[in-house]
$ cat target22.cif   # mmCIF, N, CA and C atoms
data_model
#
loop_
_atom_site.label_atom_id
_atom_site.label_comp_id
_atom_site.auth_asym_id
_atom_site.auth_seq_id
_atom_site.Cartn_x
_atom_site.Cartn_y
_atom_site.Cartn_z
N MET S 137 0.83 -1.16 0.00
CA MET S 137 0.00 0.00 0.00
C MET S 137 0.88 1.22 0.00
N MET S 138 0.70 1.94 -0.95
CA MET S 138 1.44 3.16 -1.17
C MET S 138 0.58 4.32 -0.75
N GLY S 139 1.16 5.24 -0.13
CA GLY S 139 0.41 6.41 0.29
C GLY S 139 0.34 7.42 -0.83
N SER S 140 -0.29 8.46 -0.55
CA SER S 140 -0.43 9.51 -1.55
C SER S 140 0.91 10.21 -1.75
N PRO S 141 1.08 10.78 -2.93
CA PRO S 141 2.37 11.44 -3.17
C PRO S 141 2.62 12.57 -2.16
N LEU S 142 1.59 13.25 -1.73
CA LEU S 142 1.75 14.32 -0.74
C LEU S 142 2.19 13.75 0.58
N ALA S 143 1.62 12.60 0.99
CA ALA S 143 1.97 11.97 2.25
C ALA S 143 3.40 11.51 2.21
N SER S 144 3.88 10.98 1.05
CA SER S 144 5.25 10.52 0.94
C SER S 144 6.21 11.69 1.07
N ARG S 145 5.87 12.77 0.44
CA ARG S 145 6.77 13.92 0.48
C ARG S 145 6.83 14.50 1.89
N CYS S 146 5.79 14.39 2.67
CA CYS S 146 5.76 14.95 4.01
C CYS S 146 6.31 13.97 5.02
N GLY S 147 6.55 12.72 4.61
CA GLY S 147 7.13 11.74 5.50
C GLY S 147 6.11 10.95 6.26
N PHE S 148 4.84 10.99 5.85
CA PHE S 148 3.82 10.26 6.57
C PHE S 148 3.54 8.91 5.96
N GLY S 149 4.09 8.67 4.87
CA GLY S 149 3.79 7.42 4.18
C GLY S 149 4.84 6.39 4.51
N GLU S 150 4.82 5.28 3.79
CA GLU S 150 5.81 4.25 4.00
C GLU S 150 7.12 4.70 3.42
N SER S 151 8.22 4.24 4.07
CA SER S 151 9.54 4.62 3.60
C SER S 151 10.19 3.43 2.94
N THR S 152 10.99 3.71 1.96
CA THR S 152 11.72 2.67 1.27
C THR S 152 13.02 2.43 2.01
N PRO S 153 13.67 1.30 1.81
CA PRO S 153 14.94 1.05 2.51
C PRO S 153 15.95 2.13 2.21
N MET S 154 15.93 2.66 1.05
CA MET S 154 16.86 3.72 0.71
C MET S 154 16.55 4.97 1.50
N GLN S 155 15.27 5.27 1.63
CA GLN S 155 14.88 6.44 2.41
C GLN S 155 15.24 6.24 3.88
N MET S 156 15.07 5.00 4.33
CA MET S 156 15.40 4.71 5.73
C MET S 156 16.91 4.85 5.96
N GLU S 157 17.68 4.37 5.01
CA GLU S 157 19.14 4.50 5.11
C GLU S 157 19.52 5.98 5.10
N GLU S 158 18.88 6.73 4.24
CA GLU S 158 19.16 8.17 4.17
C GLU S 158 18.78 8.85 5.47
N ALA S 159 17.68 8.44 6.08
CA ALA S 159 17.25 9.02 7.35
C ALA S 159 18.26 8.69 8.44
N ARG S 160 18.79 7.41 8.44
CA ARG S 160 19.81 7.03 9.43
C ARG S 160 21.06 7.87 9.24
N ARG S 161 21.47 8.03 8.01
CA ARG S 161 22.67 8.83 7.74
C ARG S 161 22.45 10.30 8.16
N SER S 162 21.28 10.79 7.87
CA SER S 162 20.96 12.16 8.23
C SER S 162 20.98 12.33 9.75
N THR S 163 20.44 11.35 10.48
CA THR S 163 20.43 11.39 11.94
C THR S 163 21.85 11.32 12.46
N LYS S 164 22.67 10.46 11.85
CA LYS S 164 24.06 10.32 12.26
C LYS S 164 24.80 11.63 12.01
N ARG S 165 24.58 12.22 10.84
CA ARG S 165 25.23 13.50 10.54
C ARG S 165 24.80 14.56 11.55
N ALA S 166 23.53 14.55 11.93
CA ALA S 166 23.04 15.53 12.90
C ALA S 166 23.73 15.31 14.24
N ARG S 167 23.89 14.01 14.63
CA ARG S 167 24.58 13.72 15.89
C ARG S 167 26.03 14.15 15.84
N VAL S 168 26.69 13.86 14.72
CA VAL S 168 28.09 14.25 14.56
C VAL S 168 28.19 15.77 14.55
N ALA S 169 27.29 16.42 13.83
CA ALA S 169 27.30 17.88 13.79
C ALA S 169 27.04 18.43 15.18
N GLY S 170 26.14 17.80 15.92
CA GLY S 170 25.87 18.22 17.30
C GLY S 170 27.10 18.03 18.17
N ALA S 171 27.79 16.91 17.95
CA ALA S 171 29.01 16.65 18.73
C ALA S 171 30.05 17.71 18.40
N PHE S 172 30.21 18.02 17.12
CA PHE S 172 31.16 19.06 16.74
C PHE S 172 30.73 20.42 17.32
N ALA S 173 29.44 20.67 17.31
CA ALA S 173 28.95 21.93 17.86
C ALA S 173 29.22 21.96 19.37
N ALA S 174 28.96 20.82 20.04
CA ALA S 174 29.23 20.75 21.48
C ALA S 174 30.72 20.90 21.74
N GLU S 175 31.56 20.27 20.86
CA GLU S 175 33.01 20.40 21.03
C GLU S 175 33.43 21.85 20.82
N GLY S 176 32.80 22.51 19.85
CA GLY S 176 33.09 23.93 19.63
C GLY S 176 32.66 24.77 20.83
N GLN S 177 31.54 24.41 21.41
CA GLN S 177 31.09 25.12 22.61
C GLN S 177 32.06 24.88 23.76
N LEU S 178 32.51 23.63 23.88
CA LEU S 178 33.48 23.31 24.94
C LEU S 178 34.76 24.11 24.73
N GLU S 179 35.22 24.19 23.49
CA GLU S 179 36.42 24.97 23.20
C GLU S 179 36.19 26.45 23.54
N ALA S 180 35.01 26.95 23.20
CA ALA S 180 34.68 28.34 23.51
C ALA S 180 34.62 28.55 25.02
N ILE S 181 34.00 27.60 25.72
CA ILE S 181 33.92 27.68 27.19
C ILE S 181 35.33 27.63 27.79
N HIS S 182 36.14 26.70 27.26
CA HIS S 182 37.52 26.56 27.75
C HIS S 182 38.30 27.85 27.50
N ALA S 183 38.15 28.42 26.31
CA ALA S 183 38.85 29.67 25.99
C ALA S 183 38.38 30.79 26.92
N HIS S 184 37.07 30.86 27.16
CA HIS S 184 36.52 31.87 28.06
C HIS S 184 37.06 31.66 29.48
N HIS S 185 37.10 30.39 29.89
CA HIS S 185 37.62 30.06 31.23
C HIS S 185 39.08 30.48 31.35
N GLU S 186 39.87 30.22 30.34
CA GLU S 186 41.29 30.60 30.36
C GLU S 186 41.44 32.13 30.42
N ALA S 187 40.58 32.83 29.67
CA ALA S 187 40.64 34.30 29.68
C ALA S 187 40.28 34.84 31.07
N GLU S 188 39.23 34.25 31.68
CA GLU S 188 38.87 34.66 33.03
C GLU S 188 39.99 34.35 34.02
N LYS S 189 40.61 33.21 33.85
CA LYS S 189 41.71 32.80 34.72
C LYS S 189 42.87 33.80 34.62
N ARG S 190 43.22 34.19 33.38
CA ARG S 190 44.29 35.16 33.18
C ARG S 190 43.92 36.51 33.80
N GLU S 191 42.67 36.91 33.63
CA GLU S 191 42.20 38.18 34.21
C GLU S 191 42.30 38.14 35.73
N ILE S 192 41.88 37.06 36.33
CA ILE S 192 41.96 36.91 37.79
C ILE S 192 43.42 36.92 38.23
N GLN S 193 44.29 36.24 37.49
CA GLN S 193 45.71 36.24 37.83
C GLN S 193 46.30 37.64 37.71
N ASN S 194 45.91 38.37 36.68
CA ASN S 194 46.40 39.75 36.52
C ASN S 194 45.95 40.63 37.66
N ARG S 195 44.66 40.53 38.02
CA ARG S 195 44.15 41.32 39.14
C ARG S 195 44.85 40.94 40.44
N ALA S 196 45.07 39.64 40.64
CA ALA S 196 45.76 39.18 41.85
C ALA S 196 47.19 39.73 41.88
N GLN S 197 47.86 39.74 40.73
CA GLN S 197 49.22 40.27 40.67
C GLN S 197 49.25 41.76 40.99
N VAL S 198 48.27 42.49 40.45
CA VAL S 198 48.19 43.93 40.72
C VAL S 198 47.95 44.16 42.22
N GLN S 199 47.03 43.38 42.80
CA GLN S 199 46.75 43.51 44.23
C GLN S 199 47.98 43.12 45.05
N LEU S 200 48.68 42.08 44.65
CA LEU S 200 49.88 41.65 45.37
C LEU S 200 50.94 42.75 45.32
N THR S 201 51.13 43.34 44.16
CA THR S 201 52.10 44.43 44.03
C THR S 201 51.71 45.61 44.92
N ALA S 202 50.44 45.95 44.91
CA ALA S 202 49.96 47.06 45.75
C ALA S 202 50.17 46.74 47.22
N MET S 203 49.88 45.51 47.61
CA MET S 203 50.06 45.12 49.01
C MET S 203 51.54 45.12 49.40
N GLU S 204 52.42 44.70 48.49
CA GLU S 204 53.85 44.71 48.77
C GLU S 204 54.34 46.15 48.93
N GLU S 205 53.86 47.05 48.08
CA GLU S 205 54.23 48.46 48.19
C GLU S 205 53.71 49.05 49.50
N GLN S 206 52.49 48.69 49.87
CA GLN S 206 51.91 49.17 51.12
C GLN S 206 52.70 48.63 52.30
N ARG S 207 53.08 47.36 52.26
CA ARG S 207 53.86 46.76 53.33
C ARG S 207 55.21 47.46 53.46
N ALA S 208 55.84 47.76 52.32
CA ALA S 208 57.14 48.45 52.34
C ALA S 208 56.98 49.85 52.95
N ALA S 209 55.91 50.54 52.57
CA ALA S 209 55.67 51.88 53.12
C ALA S 209 55.42 51.80 54.62
N LEU S 210 54.64 50.82 55.04
CA LEU S 210 54.37 50.65 56.47
C LEU S 210 55.64 50.28 57.22
N SER S 211 56.48 49.48 56.59
CA SER S 211 57.75 49.10 57.21
C SER S 211 58.64 50.33 57.39
N ARG S 212 58.70 51.18 56.36
CA ARG S 212 59.49 52.43 56.48
C ARG S 212 58.91 53.31 57.58
N GLY S 213 57.60 53.42 57.63
CA GLY S 213 56.95 54.21 58.67
C GLY S 213 57.25 53.67 60.05
N LEU S 214 57.25 52.34 60.18
CA LEU S 214 57.56 51.71 61.46
C LEU S 214 58.99 52.02 61.88
N GLU S 215 59.91 51.96 60.95
CA GLU S 215 61.32 52.28 61.26
C GLU S 215 61.46 53.73 61.69
N GLU S 216 60.74 54.63 61.02
CA GLU S 216 60.79 56.05 61.39
C GLU S 216 60.24 56.24 62.80
N ILE S 217 59.15 55.56 63.11
CA ILE S 217 58.54 55.66 64.44
C ILE S 217 59.49 55.09 65.49
N LYS S 218 60.15 53.97 65.18
CA LYS S 218 61.10 53.39 66.13
C LYS S 218 62.25 54.36 66.41
N GLU S 219 62.76 55.02 65.36
CA GLU S 219 63.85 55.98 65.53
C GLU S 219 63.37 57.17 66.37
N GLU S 220 62.18 57.66 66.07
CA GLU S 220 61.62 58.77 66.83
C GLU S 220 61.43 58.36 68.29
N ASN S 221 60.97 57.14 68.51
CA ASN S 221 60.77 56.62 69.87
C ASN S 221 62.11 56.56 70.61
N ARG S 222 63.16 56.12 69.94
CA ARG S 222 64.49 56.05 70.55
C ARG S 222 64.95 57.45 70.95
N ILE S 223 64.75 58.42 70.06
CA ILE S 223 65.15 59.80 70.35
C ILE S 223 64.36 60.35 71.54
N LEU S 224 63.05 60.09 71.56
CA LEU S 224 62.22 60.58 72.65
C LEU S 224 62.61 59.94 73.99
N LYS S 225 62.94 58.65 73.97
CA LYS S 225 63.38 57.98 75.20
C LYS S 225 64.66 58.62 75.71
N ARG S 226 65.58 58.91 74.80
CA ARG S 226 66.83 59.55 75.20
C ARG S 226 66.55 60.94 75.77
N ALA S 227 65.64 61.68 75.16
CA ALA S 227 65.28 63.01 75.65
C ALA S 227 64.68 62.92 77.05
N VAL S 228 63.85 61.91 77.28
CA VAL S 228 63.25 61.72 78.61
C VAL S 228 64.35 61.43 79.64
N GLN S 229 65.32 60.60 79.26
CA GLN S 229 66.43 60.31 80.17
C GLN S 229 67.20 61.58 80.52
N VAL S 230 67.48 62.40 79.51
CA VAL S 230 68.21 63.65 79.74
C VAL S 230 67.41 64.56 80.66
N LEU S 231 66.11 64.71 80.36
CA LEU S 231 65.26 65.57 81.19
C LEU S 231 65.15 65.05 82.62
N ASN S 232 65.05 63.73 82.79
CA ASN S 232 65.00 63.16 84.14
C ASN S 232 66.30 63.47 84.89
N GLY S 233 67.44 63.37 84.20
CA GLY S 233 68.73 63.71 84.82
C GLY S 233 68.76 65.17 85.24
N LYS S 234 68.30 66.05 84.35
CA LYS S 234 68.27 67.48 84.68
C LYS S 234 67.33 67.76 85.86
N GLN S 235 66.20 67.07 85.90
CA GLN S 235 65.25 67.25 87.00
C GLN S 235 65.86 66.79 88.32
N ARG S 236 66.54 65.65 88.31
CA ARG S 236 67.20 65.16 89.53
C ARG S 236 68.26 66.16 90.00
N GLU S 237 69.03 66.70 89.04
CA GLU S 237 70.06 67.69 89.37
C GLU S 237 69.43 68.95 89.95
N ALA S 238 68.33 69.41 89.35
CA ALA S 238 67.63 70.60 89.85
C ALA S 238 67.07 70.34 91.25
N GLU S 239 66.53 69.15 91.47
CA GLU S 239 66.01 68.82 92.81
C GLU S 239 67.14 68.79 93.83
N ARG S 240 68.30 68.26 93.45
CA ARG S 240 69.45 68.21 94.35
C ARG S 240 69.91 69.62 94.69
N LYS S 241 70.02 70.48 93.67
CA LYS S 241 70.41 71.87 93.91
C LYS S 241 69.37 72.59 94.76
N GLY S 242 68.10 72.30 94.54
CA GLY S 242 67.03 72.90 95.34
C GLY S 242 67.17 72.51 96.81
N ARG S 243 67.46 71.22 97.08
CA ARG S 243 67.66 70.78 98.46
C ARG S 243 68.87 71.47 99.07
N GLU S 244 69.97 71.60 98.28
CA GLU S 244 71.17 72.28 98.78
C GLU S 244 70.86 73.74 99.11
N LEU S 245 70.12 74.41 98.20
CA LEU S 245 69.77 75.82 98.45
C LEU S 245 68.86 75.96 99.66
N GLU S 246 67.95 75.03 99.82
CA GLU S 246 67.05 75.05 100.97
C GLU S 246 67.86 74.87 102.27
N GLN S 247 68.82 73.96 102.23
CA GLN S 247 69.68 73.74 103.39
C GLN S 247 70.51 75.00 103.68
N SER S 248 71.06 75.62 102.62
CA SER S 248 71.82 76.86 102.79
C SER S 248 70.94 77.96 103.35
N LEU S 249 69.69 78.03 102.89
CA LEU S 249 68.76 79.03 103.39
C LEU S 249 68.50 78.83 104.88
N HIS S 250 68.30 77.59 105.31
CA HIS S 250 68.08 77.32 106.74
C HIS S 250 69.32 77.69 107.55
N GLN S 251 70.50 77.35 107.01
CA GLN S 251 71.74 77.70 107.72
C GLN S 251 71.88 79.21 107.83
N ALA S 252 71.58 79.93 106.74
CA ALA S 252 71.67 81.39 106.76
C ALA S 252 70.67 81.97 107.74
N ALA S 253 69.46 81.42 107.78
CA ALA S 253 68.42 81.91 108.71
C ALA S 253 68.88 81.68 110.14
N ASP S 254 69.48 80.51 110.43
CA ASP S 254 70.00 80.24 111.78
C ASP S 254 71.11 81.23 112.13
N TYR S 255 71.99 81.49 111.19
CA TYR S 255 73.11 82.42 111.41
C TYR S 255 72.58 83.83 111.69
N VAL S 256 71.58 84.27 110.91
CA VAL S 256 70.97 85.59 111.12
C VAL S 256 70.32 85.64 112.49
N ARG S 257 69.63 84.60 112.90
CA ARG S 257 68.98 84.57 114.20
C ARG S 257 70.03 84.67 115.33
N LYS S 258 71.14 83.92 115.17
CA LYS S 258 72.21 83.99 116.17
C LYS S 258 72.83 85.38 116.21
N LEU S 259 73.03 86.00 115.03
CA LEU S 259 73.57 87.37 114.99
C LEU S 259 72.63 88.36 115.67
N GLU S 260 71.33 88.21 115.42
CA GLU S 260 70.35 89.09 116.05
C GLU S 260 70.37 88.92 117.57
N GLN S 261 70.50 87.66 118.01
CA GLN S 261 70.57 87.42 119.46
C GLN S 261 71.83 88.05 120.05
N SER S 262 72.95 87.88 119.33
CA SER S 262 74.21 88.47 119.80
C SER S 262 74.11 89.99 119.83
N ASN S 263 73.54 90.57 118.80
CA ASN S 263 73.38 92.01 118.71
C ASN S 263 72.51 92.52 119.87
N TYR S 264 71.43 91.81 120.13
CA TYR S 264 70.54 92.19 121.24
C TYR S 264 71.29 92.12 122.57
N ALA S 265 72.03 91.01 122.74
CA ALA S 265 72.79 90.85 123.99
C ALA S 265 73.81 91.97 124.13
N LEU S 266 74.50 92.32 123.04
CA LEU S 266 75.49 93.40 123.10
C LEU S 266 74.82 94.74 123.41
N ARG S 267 73.66 95.04 122.87
CA ARG S 267 72.94 96.28 123.16
C ARG S 267 72.55 96.35 124.64
N VAL S 268 72.08 95.21 125.13
CA VAL S 268 71.68 95.17 126.54
C VAL S 268 72.91 95.44 127.41
N HIS S 269 74.04 94.80 127.10
CA HIS S 269 75.27 95.03 127.87
C HIS S 269 75.73 96.48 127.73
N LEU S 270 75.62 97.05 126.53
CA LEU S 270 76.04 98.43 126.31
C LEU S 270 75.17 99.38 127.13
N GLN S 271 73.87 99.14 127.14
CA GLN S 271 72.97 100.01 127.92
C GLN S 271 73.27 99.87 129.42
N ALA S 272 73.53 98.65 129.82
CA ALA S 272 73.82 98.43 131.24
C ALA S 272 75.15 99.11 131.59
N ALA S 273 76.08 99.02 130.70
CA ALA S 273 77.38 99.64 130.96
C ALA S 273 77.26 101.15 130.94
N SER S 274 76.42 101.68 130.11
CA SER S 274 76.26 103.13 130.01
C SER S 274 75.56 103.67 131.25
N SER S 275 74.66 102.98 131.81
CA SER S 275 73.93 103.46 132.98
C SER S 275 74.80 103.34 134.23
N ASN S 276 75.73 102.45 134.31
CA ASN S 276 76.63 102.29 135.45
C ASN S 276 77.90 103.10 135.25
N ALA S 277 78.02 103.81 134.26
CA ALA S 277 79.24 104.53 133.94
C ALA S 277 79.44 105.71 134.89
N LEU S 278 80.62 106.22 134.88
CA LEU S 278 80.96 107.37 135.69
C LEU S 278 80.11 108.54 135.25
N PRO S 279 79.80 109.37 136.21
CA PRO S 279 79.02 110.53 135.81
C PRO S 279 79.81 111.34 134.79
N SER S 280 79.14 111.88 133.98
CA SER S 280 79.80 112.60 132.92
C SER S 280 80.38 113.91 133.45
N MET S 281 81.45 114.30 132.94
CA MET S 281 82.16 115.49 133.38
C MET S 281 81.55 116.70 132.69
N PRO S 282 81.55 117.72 133.40
CA PRO S 282 81.05 118.89 132.74
C PRO S 282 82.01 119.32 131.65
N PRO S 283 81.53 119.97 130.73
CA PRO S 283 82.41 120.37 129.65
C PRO S 283 83.41 121.41 130.16
N ASP S 284 84.55 121.37 129.59
CA ASP S 284 85.59 122.32 129.96
C ASP S 284 85.18 123.68 129.39
N VAL S 285 85.19 124.63 130.32
CA VAL S 285 84.83 125.95 129.85
C VAL S 285 86.06 126.83 130.09
N TYR S 286 86.56 127.57 129.32
CA TYR S 286 87.72 128.43 129.47
C TYR S 286 87.34 129.82 129.31
#
$ encode --input "target22.cif" --output "structure tokens"
Amino acid sequence: MMGSPLASRCGFGESTPMQMEEARRSTKRARVAGAFAAEGQLEAIHAHHEAEKREIQNRAQVQLTAMEEQRAALSRGLEEIKEENRILKRAVQVLNGKQREAERKGRELEQSLHQAADYVRKLEQSNYALRVHLQAASSNALPSMPPDVY
């Protein structure tokens, strides 16, 4: 039973062995073409992946370089701070020495002041005692002589 010519052309009718062989070959070609297309897609994906990988590596290298520069700058800053700290410690030592010396001189001056105050007090006492003796001696003295009149 043969179908209508329209049905045969549309593929709804019976197929001949040759048509069936052609359909198998066509299906195989489609599979092979699909495999090649998939392989092409894989190659495209692989190429894209490699490009992304290179981009990530480039960005990582740029960041690494920036971090190394920042570390070097921080290291220089740390060294400067350490040197400044050393200078400040030395200045504190010098100032502490000067303060101790000033305190020592202050104690010496205070001691000298107390000694001078004691000496002044003793002199005042001696002066008072001498005045008292002088007054006592003046009141017990010989009567004064009248002035010589010629």
$ atom_distance --input "target22.cif" --atom1 "CA of Ala265 (chain S)" --atom2 "CA of Leu249 (chain S)"
24.1 Å
$ atom_distance --input "target22.cif" --atom1 "atom C of Glu186 (chain S)" --atom2 "atom C of Arg167 (chain S)"
27.8 Å
$ atom_distance --input "target22.cif" --atom1 "atom C of Val198 (chain S)" --atom2 "atom C of Arg212 (chain S)"
21.0 Å
$ axis_aligned_box --input "target22.cif" --around "region 174-187 of chain S" --padding-each-side "8 Å" --output "JSON"
{"center_x": 35.2, "center_y": 27.6, "center_z": 25.5, "size_x": 28.5, "size_y": 30.6, "size_z": 27.7}
$ build_atoms --input "target22.cif" --residues "region 197-217 of chain S" --atoms "N, CA, C and O atoms" --output "compact mmCIF listing (two decimals), in the coordinates of the input"
# COMPACT_ATOMS: atom_id res chain seq x y z
N GLN S 197 47.86 39.74 40.73
CA GLN S 197 49.22 40.27 40.67
C GLN S 197 49.25 41.76 40.99
O GLN S 197 50.11 42.24 41.71
N VAL S 198 48.27 42.49 40.45
CA VAL S 198 48.19 43.93 40.72
C VAL S 198 47.95 44.16 42.22
O VAL S 198 48.59 45.00 42.85
N GLN S 199 47.03 43.38 42.80
CA GLN S 199 46.75 43.51 44.23
C GLN S 199 47.98 43.12 45.05
O GLN S 199 48.30 43.79 46.05
N LEU S 200 48.68 42.08 44.65
CA LEU S 200 49.88 41.65 45.37
C LEU S 200 50.94 42.75 45.32
O LEU S 200 51.56 43.07 46.34
N THR S 201 51.13 43.34 44.16
CA THR S 201 52.10 44.43 44.03
C THR S 201 51.71 45.61 44.92
O THR S 201 52.56 46.17 45.61
N ALA S 202 50.44 45.95 44.91
CA ALA S 202 49.96 47.06 45.75
C ALA S 202 50.17 46.74 47.22
O ALA S 202 50.61 47.60 48.00
N MET S 203 49.88 45.51 47.61
CA MET S 203 50.06 45.12 49.01
C MET S 203 51.54 45.12 49.40
O MET S 203 51.88 45.53 50.51
N GLU S 204 52.42 44.70 48.49
CA GLU S 204 53.85 44.71 48.77
C GLU S 204 54.34 46.15 48.93
O GLU S 204 55.14 46.45 49.81
N GLU S 205 53.86 47.05 48.08
CA GLU S 205 54.23 48.46 48.19
C GLU S 205 53.71 49.05 49.50
O GLU S 205 54.42 49.79 50.18
N GLN S 206 52.49 48.69 49.87
CA GLN S 206 51.91 49.17 51.12
C GLN S 206 52.70 48.63 52.30
O GLN S 206 52.98 49.36 53.25
N ARG S 207 53.08 47.36 52.26
CA ARG S 207 53.86 46.76 53.33
C ARG S 207 55.21 47.46 53.46
O ARG S 207 55.67 47.76 54.55
N ALA S 208 55.84 47.76 52.32
CA ALA S 208 57.14 48.45 52.34
C ALA S 208 56.98 49.85 52.95
O ALA S 208 57.81 50.28 53.75
N ALA S 209 55.91 50.54 52.57
CA ALA S 209 55.67 51.88 53.12
C ALA S 209 55.42 51.80 54.62
O ALA S 209 55.94 52.61 55.39
N LEU S 210 54.64 50.82 55.04
CA LEU S 210 54.37 50.65 56.47
C LEU S 210 55.64 50.28 57.22
O LEU S 210 55.87 50.74 58.34
N SER S 211 56.48 49.48 56.59
CA SER S 211 57.75 49.10 57.21
C SER S 211 58.64 50.33 57.39
O SER S 211 59.26 50.51 58.45
N ARG S 212 58.70 51.18 56.36
CA ARG S 212 59.49 52.43 56.48
C ARG S 212 58.91 53.31 57.58
O ARG S 212 59.65 53.87 58.39
N GLY S 213 57.60 53.42 57.63
CA GLY S 213 56.95 54.21 58.67
C GLY S 213 57.25 53.67 60.05
O GLY S 213 57.51 54.42 61.00
N LEU S 214 57.25 52.34 60.18
CA LEU S 214 57.56 51.71 61.46
C LEU S 214 58.99 52.02 61.88
O LEU S 214 59.24 52.35 63.04
N GLU S 215 59.91 51.96 60.95
CA GLU S 215 61.32 52.28 61.26
C GLU S 215 61.46 53.73 61.69
O GLU S 215 62.20 54.04 62.62
N GLU S 216 60.74 54.63 61.02
CA GLU S 216 60.79 56.05 61.39
C GLU S 216 60.24 56.24 62.80
O GLU S 216 60.79 56.99 63.60
N ILE S 217 59.15 55.56 63.11
CA ILE S 217 58.54 55.66 64.44
C ILE S 217 59.49 55.09 65.49
O ILE S 217 59.63 55.66 66.58
